[in-house]
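Take a look at the structure below.
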Amino acid sequence: MKKVIVIGGGISGLTASICLSLKGFEVHLYEKNAFVGGLANGFYINGQYVDTCLHWLMGTLKGTKINDIHRLTHAITDEVEIIKLPSLGTFSLNGIDVTFYRDLEKAEKEWIKISPEDEEQIKQFFEYTKDLSTLVLATENDGLIKNIEVKPALKRLTKQRKDLAIIFKESREVYARRFKNEAIRNAIINFQNGYNSMAFAFIEYGLFSKGDTDLPKGGVIPLINRMKERFISLGGVLHLSTEVNRIVTEKKKAIGILANNELIKADIVLSCCDPLFTIENLLENKYKYPLYQKLKNNIDKNPISSCYSLFVSVKKGLSYLDVPTGLNIGELNINGKIINTVFMRPYHYDDSFKKEGETLISFLFNQDQNDFDYWKNLHDLSSEEYKREKEYINEFIITKMCETYNINYDDVTYLTSFGPLELNKLTNSSYGAIQSFSFLNGIMRIAKGKIEGLKNFYMASQWSRSIGGTPTATIYAKKISDLIAKENKK
Ligand SMILES: Cc1cc2nc3c(=O)[nH]c(=O)nc-3n(C[C@H](O)[C@H](O)[C@H](O)COP(=O)(O)OP(=O)(O)OC[C@H]3O[C@@H](n4cnc5c(N)ncnc54)[C@H](O)[C@@H]3O)c2cc1C
């Protein structure tokens, strides 16, 4: 039985470890933290469950190909209830609510009522949403992984509709300029987090409307625990609190890892943590990976998406609010960058998040590589200043929420907050990214998962393709596991 060492117990590492175990490999999974999950995580504070990751999970619809993988790994099982919210959120401006209803016809009608002068653009918006919702299943008769490759389908669609080619290159900000109505422009700019092109916004909304992007009840921790149990039940060996210091190579072959000053040998090494960290630290810059290195050198053209998150508990039922709601906060100035809207998520839809008489609320706004540098420099300069800046941000947002929803300030309990620096420390994700390099300039970047000139070594993670997130992590972990099995027949 060939032995595989998998580095990193996030969604990618867990998915790959399960798939490889199912293919008959002896799998050892090494995770630096005392728990698996990586960026997909959650914990308890004052008896309140706080889910620090899952806002939407792609692949919740039975019969879709990502769902097949979720079922293979037990991320989703028949016993797991899938929560279907009525909309992808509501974003308001000057008293006008713009809602992304699951029912696209209802949304289209309501938007046209809001802005009859934008009728043509609105109709086109919903047409694109419907078109791009078909993407993921567009290559239905190909093999498992080809089924969920979106690239061929994108090509077909761009041929059919010339305009779509432009939309792949347009950010939400640029696309929104097509609309005359300010509230609709504001909603389009803010309804999705991250710095991706409009194409991804259409895909997300389209898949949501189809029921393929929803929420597993209980959030991310039960999901991660199901995957962990699945791995262990297949005979997999989990090494928690074990940081890998180096990938050991000999004659251009990976022969194992160095952890706790010990050489641990294996036939194959698979890194499921950040590829830049892998190349620069674990492989000590001895090998080149031109794609990632090029993206890093041109990062301003391919920004990564990280976030700042704040969690509070409120002694008030807010069940009337859509999830998420765009909270207008005026002008929050962080190092010269102005934040106007934050995602506000009241977790009233899932009992697992409920504490008697209270509503858990999270706030989230986008951050990028420049914000990471700002936070890092500030922390290096003074941890006190860093703490004060976070307190200022938290206070600002909490005050705006209280003003907007008539909440007594004393009824709000602060739970936790974190930004790109904390995410980087938790998982070694470059710049604290929660999505990989964007594809704002229209090119989907797909990494091969192998390094030229280094045998017995593979990589898979949310960085394997532009956009990132759990869908990419899931798809590529499966894809690379298939490749490992094919190239290393026992
Ligand atoms: C606030 C927030 C909200 C999010 N919302 C969503 C959402 O709604 N939907 C969605 O799809 N995605 C969301 N994401 C993104 C999603 O969580 C990630 O894309 C995904 O979990 C990445 O998985 P991964 O396994 O590729 O990487 P990671 O989770 O980064 O896993 C890498 C693992 O490797 C470990 N590691 C690193 N270095 C070493 C080492 N030297 N030795 C041993 N172990 C090591 C890390 O500790 C980590 O566990 C969100 C993330 C955050 C933080």
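Within each chain, counting starts at residue 1; across the structure tokens, chains are named A, B, ... in the order shown, with ligands numbered 1 upward in that order.
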May I ask you to write as an NGL selection string all residues lying at most 6 Å from ligand 1, with only C-alpha atoms and all ligand atoms counted?
-> :A and (7-13 or 30-33 or 36-40 or 52-57 or 243-245 or 272-273 or 426-429 or 434-435 or 461-462 or 468-471 or 473)
Find the distance between atom CA of A:Asn285 and atom CA of A:Gly419 and write it in Å to one decimal.
->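 We find that atom CA of A:Asn285 and atom CA of A:Gly419 lie 27.6 Å from each other.
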Quick one: of A:Leu258, A:Ala107, A:Ile268, A:Ala165, who's nearest to A:Leu88, counting only C-alpha atoms?
-> A:Ala107
Residues of stretch 312-460 of chain A in strand (DSSP E or B), written as an MDAnalysis selection string = chainID A and resid 312:314 325:334 337:346 355 358:367 412:418 435 446 455 457:459
